[in-house]
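Right, one structure below, let's go through it.
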Amino acid sequence: MLVLSLGVVVVGAGPAGAHVEASAEGAQAGAGPLTVSFLAEAESSTAGIVGAQVQLPEGLPPASATLASAPAGWAMTPTADGYEVAGPDIGAGVDLEYSVVIDRLPQEAPAELPFKTLLRYSDGVEDAWIEVPFEGNPEPENPAPSIAVAPAAAPVTTPAPATESAAPSTAATESSPSRSAAPEAAAADDGGLSTGAVVALAAVAAAALAGGLWFLRRRSSHTGR
């Protein structure tokens, strides 16, 4: 890993005034993509920077970073724990500026994300900026560049829609008899005779009439005798 391989380099690091800075606007845990810009101050007046090897924070695989901008002729190469950007000598005393795009920050990312960096110069000198502040050493001599990260956004929950009682449709109202019509229909049924009853009464009346005529004829025939 980068931290282990740079243990002897930290001791021979350059002037304390020089440093590597990182910045990322709108960095938020669990969000992305995010552009992270780096500025590495040159420490040599005779040799230029030819490369920067970076260890990505925990939770960010090498494939999550892509090169967004860099000096002419520079390219990015993935490493076991991060990436390296390198190319032609940019010139003695010239600061290195480049930027990468991170697909998405970890959901549980801390408030400060360090990007431990090793700078390489054209004369073979290497400067390590890999120290992370802690309680016993809040301002290390060779701090790793880091970005401030806001907490992850709270999950959005959509409330269930309120159930509204459906109003009776016009068609249903028209097709079913109203309550006021029902009693009137009942009253009409109670006060009048049904068709079957009328037919039955007509039959009885006809039978009675026929019987009366028969009786009168029979009586007339007996009287004539």
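To be explicit about the labels: the chains of the structure tokens are called A, B, and onward in the order shown, and within each one the residues are counted from 1, while ligands get numbers from 1 in the order they are shown.
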At a cut-off of 10 Å, can you tabulate as JSON lines every residue of segment 26-73 of chain A near segment 131-146 of chain A together with its closest atom pair and the distance in Å to one decimal, using only C-alpha atoms and ordering rows by chain then number?
```
{"residue": "A:Val36", "atom": "CA", "partner": "A:Ser146", "partner_atom": "CA", "distance": 9.7}
{"residue": "A:Phe38", "atom": "CA", "partner": "A:Pro145", "partner_atom": "CA", "distance": 8.1}
{"residue": "A:Leu39", "atom": "CA", "partner": "A:Pro145", "partner_atom": "CA", "distance": 9.1}
{"residue": "A:Ala40", "atom": "CA", "partner": "A:Pro145", "partner_atom": "CA", "distance": 9.3}
{"residue": "A:Val54", "atom": "CA", "partner": "A:Ala144", "partner_atom": "CA", "distance": 9.8}
{"residue": "A:Gln55", "atom": "CA", "partner": "A:Ala144", "partner_atom": "CA", "distance": 10.0}
{"residue": "A:Pro57", "atom": "CA", "partner": "A:Ser146", "partner_atom": "CA", "distance": 9.6}
```
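Residues in contact range of segment 84-100 of chain A, defined as at most 6 Å between only C-alpha atoms, with sequence neighbours fewer than 6 positions away removed, read A:Thr35, A:Val36, A:Ser37, A:Phe38, A:Leu39, A:Ala40, A:Glu41, A:Ala42, A:Ser44, A:Ser45, A:Thr46, A:Ala47, A:Gly48, A:Ile49, A:Val50, A:Gly51, A:Ala52, A:Gln53, A:Thr66, A:Leu67, A:Ala68, A:Ser69, A:Ala70, A:Gly73, A:Trp74, A:Ala75, A:Met76, A:Thr77.
Between atom CA of Pro114 of chain A and atom CA of Ile130 of chain A the interatomic distance comes to 8.3 Å.
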I want to know what sits within 10 Å of segment 27-29 of chain A, based on only C-alpha atoms, with residues of the same chain fewer than 2 positions away left out; could you give that as a count of residues only?
25
When you draw a straight line from atom CA of Ala128 of chain A to atom CA of Gly30 of chain A, how long is it in Å?
28.8 Å
If I take atom CA of Lys116 of chain A and atom CA of Leu56 of chain A, how far is one from the other in Å, to one decimal?
7.2 Å
